[in-house]
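Raw input.txt, compact mmCIF, C-alpha atoms:
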# COMPACT_ATOMS: atom_id res chain seq x y z
CA MET C 1 -34.74 38.21 24.00
CA LYS C 2 -31.15 37.63 22.90
CA TYR C 3 -31.06 41.10 21.27
CA ASN C 4 -32.54 42.75 24.37
CA LEU C 5 -29.77 41.24 26.49
CA LEU C 6 -27.14 42.38 23.99
CA LEU C 7 -28.62 45.89 23.91
CA PHE C 8 -28.66 45.97 27.72
CA LEU C 9 -24.96 44.99 27.90
CA VAL C 10 -23.96 47.64 25.36
CA LEU C 11 -25.91 50.35 27.19
CA PHE C 12 -24.54 49.23 30.57
CA THR C 13 -20.97 49.39 29.25
CA CYS C 14 -21.54 52.89 27.85
CA ILE C 15 -23.06 54.12 31.12
CA VAL C 16 -20.18 52.72 33.19
CA LYS C 17 -17.61 54.36 30.91
CA ALA C 18 -19.48 57.67 30.99
CA GLN C 19 -19.57 57.62 34.79
CA ASN C 20 -15.84 56.83 35.08
CA PRO C 21 -13.84 58.72 32.48
CA CYS C 22 -10.57 58.02 34.34
CA ASP C 23 -7.91 56.10 32.49
CA TYR C 24 -5.58 54.46 35.00
CA LYS C 25 -2.21 52.91 34.37
CA ILE C 26 -2.37 51.48 37.92
CA ASN C 27 -5.39 51.45 40.22
CA VAL C 28 -5.06 49.65 43.55
CA ASP C 29 -7.66 50.70 46.11
CA THR C 30 -7.99 48.16 48.93
CA GLU C 31 -8.27 48.25 52.71
CA ASP C 32 -4.48 47.79 52.93
CA GLU C 33 -3.25 49.99 50.10
CA VAL C 34 -4.22 52.93 47.91
CA PHE C 35 -2.12 53.57 44.82
CA GLN C 36 -3.47 55.22 41.70
CA LEU C 37 -1.58 56.42 38.65
CA THR C 38 -3.37 57.88 35.65
CA GLN C 39 -2.21 57.34 32.09
CA GLU C 40 0.20 59.95 30.75
CA SER C 41 -1.24 62.89 28.87
CA LEU C 42 0.75 64.96 26.39
CA ILE C 43 1.12 68.53 27.67
CA ASP C 44 3.61 70.05 25.24
CA TYR C 45 5.77 69.03 22.32
CA THR C 46 8.28 70.30 19.78
CA VAL C 47 8.99 68.47 16.55
CA ALA C 48 11.79 69.70 14.31
CA SER C 49 14.12 68.06 11.82
CA LYS C 50 16.99 67.72 14.30
CA LYS C 51 15.17 67.46 17.63
CA THR C 52 11.93 66.44 19.32
CA ILE C 53 10.71 67.20 22.81
CA PHE C 54 7.69 65.59 24.46
CA VAL C 55 6.35 66.59 27.90
CA TYR C 56 3.73 64.45 29.66
CA PHE C 57 1.76 64.69 32.92
CA SER C 58 0.03 61.99 34.92
CA LEU C 59 -1.44 62.11 38.41
CA MET C 60 -0.49 59.83 41.27
CA LYS C 61 -2.06 59.10 44.63
CA GLN C 62 -0.28 56.98 47.20
CA GLU C 63 -2.32 56.67 50.40
CA THR C 64 -3.07 60.38 51.13
CA VAL C 65 -0.21 61.92 49.14
CA LYS C 66 -1.19 63.35 45.74
CA SER C 67 1.28 64.42 43.08
CA VAL C 68 1.75 65.27 39.44
CA VAL C 69 4.26 63.08 37.60
CA LEU C 70 6.29 64.86 34.95
CA SER C 71 7.89 62.87 32.10
CA ILE C 72 10.19 64.52 29.57
CA SER C 73 11.68 62.92 26.47
CA LEU C 74 14.37 64.83 24.52
CA ASN C 75 15.65 63.50 21.20
CA SER C 76 18.28 65.14 19.01
CA GLU C 77 21.25 64.52 16.77
CA GLU C 78 23.48 65.97 19.49
CA ILE C 79 23.46 64.39 22.95
CA PRO C 80 20.52 66.05 24.76
CA PRO C 81 21.10 67.35 28.29
CA LEU C 82 20.55 65.11 31.28
CA ILE C 83 17.75 66.52 33.46
CA CYS C 84 18.26 66.23 37.22
CA TYR C 85 15.98 67.04 40.17
CA ASP C 86 16.73 67.79 43.83
CA LYS C 87 14.97 69.23 46.89
CA LYS C 88 15.00 72.74 45.31
CA SER C 89 13.27 71.55 42.11
CA ARG C 90 9.63 72.42 41.51
CA ILE C 91 6.92 73.07 38.96
CA SER C 92 5.31 76.51 39.12
CA PHE C 93 1.98 76.98 37.34
CA LEU C 94 0.38 80.23 36.20
CA LEU C 95 -3.36 79.71 36.02
CA SER C 96 -5.67 81.60 33.66
CA ASN C 97 -7.25 83.38 36.66
CA GLY C 98 -3.83 84.94 37.46
CA VAL C 99 -3.10 82.69 40.47
CA TYR C 100 0.23 80.89 40.85
CA VAL C 101 0.56 77.34 42.16
CA SER C 102 3.84 75.73 43.17
CA ALA C 103 4.49 71.99 43.45
CA PRO C 104 7.77 70.94 45.12
CA TYR C 105 9.73 67.89 44.00
CA LEU C 106 9.10 64.67 45.95
CA GLY C 107 11.99 62.31 46.46
CA ILE C 108 15.73 62.10 46.55
CA GLU C 109 18.14 63.75 44.11
CA THR C 110 17.90 61.93 40.81
CA CYS C 111 18.82 62.32 37.16
CA GLY C 112 17.21 60.97 34.04
CA ARG C 113 18.72 58.55 31.54
CA GLN C 114 20.59 59.12 28.30
CA SER C 115 21.02 56.80 25.36
CA ARG C 116 23.16 57.23 22.27
CA ASP C 117 22.41 55.79 18.88
CA GLU C 118 24.68 56.05 15.86
CA ASN C 119 21.84 55.38 13.40
CA ALA C 120 19.11 57.50 15.01
CA MET C 121 18.61 60.43 17.32
CA ASN C 122 20.12 60.41 20.80
CA ASN C 123 17.70 60.39 23.71
CA SER C 124 17.40 61.77 27.24
CA THR C 125 14.41 60.90 29.42
CA SER C 126 13.46 61.93 32.92
CA GLU C 127 10.57 61.38 35.27
CA ALA C 128 9.82 63.13 38.54
CA SER C 129 6.94 63.52 40.95
CA PHE C 130 5.83 66.86 42.43
CA TYR C 131 3.68 67.21 45.57
CA LEU C 132 0.21 68.74 45.32
CA ASP C 133 -1.02 70.08 48.67
CA ASP C 134 -4.66 70.88 49.41
CA THR C 135 -4.34 74.52 48.30
CA ALA C 136 -2.70 73.52 45.01
CA LEU C 137 -5.39 70.90 44.39
CA GLU C 138 -8.19 73.43 45.02
CA ARG C 139 -6.66 76.02 42.70
CA LEU C 140 -5.79 73.59 39.89
CA ALA C 141 -9.30 72.11 39.98
CA ILE C 142 -11.02 75.38 39.03
CA SER C 143 -8.78 77.19 36.57
CA PRO C 144 -6.93 76.14 33.40
CA VAL C 145 -3.11 76.32 33.33
CA GLU C 146 -1.73 79.05 31.06
CA SER C 147 1.97 78.33 31.52
CA LEU C 148 4.42 76.55 33.75
CA ARG C 149 8.05 76.62 34.78
CA ILE C 150 9.94 73.41 35.47
CA SER C 151 12.86 74.17 37.79
CA THR C 152 15.58 71.51 37.68
CA VAL C 153 19.08 71.34 39.17
CA LYS C 154 20.78 73.08 36.22
CA ALA C 155 18.06 74.93 34.29
CA ASN C 156 14.52 76.23 34.15
CA PHE C 157 12.15 75.27 31.34
CA ASP C 158 9.20 77.56 30.56
CA LEU C 159 6.20 76.21 28.68
CA ALA C 160 3.19 78.18 27.42
CA LEU C 161 0.41 75.64 26.97
CA ILE C 162 -1.90 75.55 23.97
CA ASP C 163 -5.65 74.99 24.20
CA VAL C 164 -5.84 71.79 22.17
CA ILE C 165 -3.53 69.22 20.56
CA SER C 166 -5.32 67.54 17.69
CA ASN C 167 -4.46 65.81 14.43
CA GLN C 168 -5.45 62.72 12.48
CA GLU C 169 -2.88 60.57 14.31
CA LEU C 170 -4.58 61.10 17.68
CA GLU C 171 -7.65 59.13 18.76
CA ALA C 172 -9.12 62.14 20.52
CA PRO C 173 -8.11 65.79 21.05
CA ILE C 174 -5.93 66.57 24.09
CA TYR C 175 -6.61 69.68 26.18
CA PRO C 176 -3.33 70.51 28.00
CA LYS C 177 -4.61 73.64 29.77
CA GLU C 178 -7.47 71.64 31.30
CA PHE C 179 -5.40 68.61 32.34
CA PHE C 180 -5.94 69.17 36.07
CA ILE C 181 -9.61 70.18 35.78
CA ASN C 182 -10.31 66.99 33.82
CA THR C 183 -8.02 64.57 35.69
CA LEU C 184 -7.96 65.58 39.38
CA PRO C 185 -11.30 63.82 40.08
CA CYS C 186 -9.49 60.55 39.24
CA ILE C 187 -7.37 60.77 42.42
CA GLU C 188 -10.03 62.10 44.82

Rewritten as structure tokens:
Amino acid sequence: MKYNLLLFLVLFTCIVKAQNPCDYKINVDTEDEVFQLTQESLIDYTVASKKTIFVYFSLMKQETVKSVVLSISLNSEEIPPLICYDKKSRISFLLSNGVYVSAPYLGIETCGRQSRDENAMNNSTSEASFYLDDTALERLAISPVESLRISTVKANFDLALIDVISNQELEAPIYPKEFFINTLPCIE
């Protein structure tokens, strides 16, 4: 009997996890408030001897507003640039079906943070949220992302996404092109 109960609990846990593959950093869904933020997912990276760049996405839902949150971390021996966003900033996606999707910046003008370290690489980080309207959500839900352009106050950054990020240091493979297909159901 004890083993049957244990087996039932293990199976129940596996079924619940299989039915809800979403990994939330924050998940508040009450009568008074809806706020969901998924865990960050690595989208692109560069690792070299004198610099590293990491780009992450997460999805956010606050009441009825849905957005993609972009986080960028730049590390180098030289002071990396400070990334700033304003009302003209946006992320433009090229999907594998040839369709473009644009997500405008949400919020007030802001800049990231810089830190200097004499004994290690210098760092610049930024985080910004970009609005996903109904059309963008529909398009991103059905087609992988081939590439994207991040338009900031001073520069544009173009990224061509790879199919999979995988190595022995990662728990599971990451599929950057399918980020939206896999994660949008978490904020529906």

Sel. within 9 Å of pt (-1.0, 80.1, 38.2), counting all atoms listed in the file, output as a list in words: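 Result, sorted by chain then residue number: Ser92, Phe93, Leu94, Leu95, Ser96, Asn97, Gly98, Val99, Tyr100, Val101, Ser102, Arg139, Leu140, Ser143, Pro144, Val145, Glu146, Ser147 and Leu148 of chain C.
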
Give as a PyMOL selection string the set of residues within 10 Å of the point (15.1, 69.8, 19.4), where distances use the file's coordinates and all atoms listed in the file. chain C and resi 45-54+74-78+80

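Atom pair atom CA of C:Ile181 / atom CA of C:Ser151 has a distance of 22.9 Å (rounded to one decimal).
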
Separation of atom CA of C:Pro104 from atom CA of C:Thr183 in Å: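 Going from atom CA of C:Thr183 over to atom CA of C:Pro104 covers 19.5 Å.
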
Counting only C-alpha atoms, which of C:Ala155, C:Ile26, C:Leu59, C:Met121 gets nearest to C:Phe180? C:Leu59

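Atom pair atom CA of C:Val68 / atom CA of C:Cys22: separated by 15.2 Å.
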
Could you give me, as a Markdown table, every stretch 12-66 of chain C residue with an atom at most 10 Å from stretch 125-135 of chain C, plus its closest atom pair and distance in Å to one decimal, counting all atoms listed in the file, rows ordered by chain then number?
| residue | atom | partner | partner_atom | distance |
| --- | --- | --- | --- | --- |
| C:Ile53 | CA | C:Thr125 | CA | 9.9 |
| C:Phe54 | CA | C:Thr125 | CA | 9.6 |
| C:Val55 | CA | C:Ser126 | CA | 9.9 |
| C:Tyr56 | CA | C:Glu127 | CA | 9.4 |
| C:Phe57 | CA | C:Ser129 | CA | 9.6 |
| C:Ser58 | CA | C:Ser129 | CA | 9.3 |
| C:Leu59 | CA | C:Ser129 | CA | 8.9 |
| C:Met60 | CA | C:Ser129 | CA | 8.3 |
| C:Lys61 | CA | C:Leu132 | CA | 9.9 |
| C:Val65 | CA | C:Tyr131 | CA | 7.5 |
| C:Lys66 | CA | C:Leu132 | CA | 5.6 |

If we count all atoms listed in the file, what is near stretch 30-34 of chain C at a cut-off of 6 Å, once residues fewer than 2 positions away on the same chain are taken out, given as a compact mmCIF listing (two decimals) with C-alpha atoms, in the frame of the given file?
# COMPACT_ATOMS: atom_id res chain seq x y z
CA VAL C 28 -5.06 49.65 43.55
CA GLN C 62 -0.28 56.98 47.20
CA GLU C 63 -2.32 56.67 50.40

For C:Glu138, the closest of C:Cys84, C:Val69, C:Asp23, C:Pro185 counting only C-alpha atoms is C:Pro185

Stretch 141-152 of chain C rebuilt with all heavy atoms, output as a compact mmCIF listing (two decimals), keeping the file's coordinate frame:
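Listing of out-v2.txt after writing:
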# COMPACT_ATOMS: atom_id res chain seq x y z
N ALA C 141 -8.02 72.71 40.34
CA ALA C 141 -9.30 72.11 39.98
C ALA C 141 -10.27 73.09 39.34
O ALA C 141 -11.22 72.68 38.68
CB ALA C 141 -9.94 71.49 41.21
N ILE C 142 -10.02 74.41 39.51
CA ILE C 142 -11.02 75.38 39.03
C ILE C 142 -10.55 76.29 37.91
O ILE C 142 -11.36 77.02 37.35
CB ILE C 142 -11.55 76.24 40.20
CG1 ILE C 142 -10.41 77.03 40.85
CG2 ILE C 142 -12.28 75.39 41.21
CD1 ILE C 142 -10.87 78.07 41.85
N SER C 143 -9.26 76.28 37.59
CA SER C 143 -8.78 77.19 36.57
C SER C 143 -7.78 76.50 35.64
O SER C 143 -6.89 75.78 36.11
CB SER C 143 -8.11 78.41 37.22
OG SER C 143 -7.69 79.34 36.24
N PRO C 144 -7.90 76.72 34.33
CA PRO C 144 -6.93 76.14 33.40
C PRO C 144 -5.52 76.68 33.64
O PRO C 144 -5.34 77.77 34.18
CB PRO C 144 -7.45 76.59 32.02
CG PRO C 144 -8.88 76.94 32.24
CD PRO C 144 -8.98 77.43 33.65
N VAL C 145 -4.52 75.92 33.21
CA VAL C 145 -3.11 76.32 33.33
C VAL C 145 -2.71 77.06 32.05
O VAL C 145 -2.87 76.53 30.96
CB VAL C 145 -2.21 75.08 33.53
CG1 VAL C 145 -0.74 75.48 33.54
CG2 VAL C 145 -2.58 74.33 34.79
N GLU C 146 -2.20 78.26 32.21
CA GLU C 146 -1.73 79.05 31.06
C GLU C 146 -0.29 78.68 30.71
O GLU C 146 0.05 78.48 29.55
CB GLU C 146 -1.81 80.55 31.34
CG GLU C 146 -3.21 81.09 31.32
CD GLU C 146 -3.88 80.96 29.96
OE1 GLU C 146 -3.23 81.26 28.94
OE2 GLU C 146 -5.05 80.55 29.93
N SER C 147 0.56 78.62 31.74
CA SER C 147 1.97 78.33 31.52
C SER C 147 2.55 77.68 32.76
O SER C 147 1.92 77.66 33.82
CB SER C 147 2.74 79.61 31.17
OG SER C 147 2.71 80.52 32.25
N LEU C 148 3.75 77.15 32.61
CA LEU C 148 4.42 76.55 33.75
C LEU C 148 5.92 76.68 33.60
O LEU C 148 6.44 76.85 32.50
CB LEU C 148 4.01 75.08 33.92
CG LEU C 148 4.28 74.14 32.76
CD1 LEU C 148 5.42 73.20 33.10
CD2 LEU C 148 3.01 73.34 32.49
N ARG C 149 6.59 76.63 34.73
CA ARG C 149 8.05 76.62 34.78
C ARG C 149 8.48 75.36 35.50
O ARG C 149 8.02 75.08 36.61
CB ARG C 149 8.60 77.84 35.49
CG ARG C 149 10.11 77.73 35.77
CD ARG C 149 10.70 78.98 36.28
NE ARG C 149 10.96 79.81 35.09
CZ ARG C 149 11.63 80.95 35.13
NH1 ARG C 149 12.09 81.41 36.26
NH2 ARG C 149 11.85 81.63 34.02
N ILE C 150 9.37 74.60 34.86
CA ILE C 150 9.94 73.41 35.47
C ILE C 150 11.34 73.81 35.93
O ILE C 150 12.20 74.15 35.10
CB ILE C 150 10.02 72.25 34.45
CG1 ILE C 150 8.64 71.94 33.88
CG2 ILE C 150 10.65 71.02 35.10
CD1 ILE C 150 8.66 71.08 32.64
N SER C 151 11.56 73.81 37.23
CA SER C 151 12.86 74.17 37.79
C SER C 151 13.61 72.89 38.13
O SER C 151 13.17 72.11 38.97
CB SER C 151 12.69 75.02 39.05
OG SER C 151 11.99 76.20 38.75
N THR C 152 14.75 72.69 37.46
CA THR C 152 15.58 71.51 37.68
C THR C 152 16.89 71.94 38.33
O THR C 152 17.07 73.12 38.64
CB THR C 152 15.87 70.78 36.35
OG1 THR C 152 16.70 71.59 35.53
CG2 THR C 152 14.57 70.46 35.61
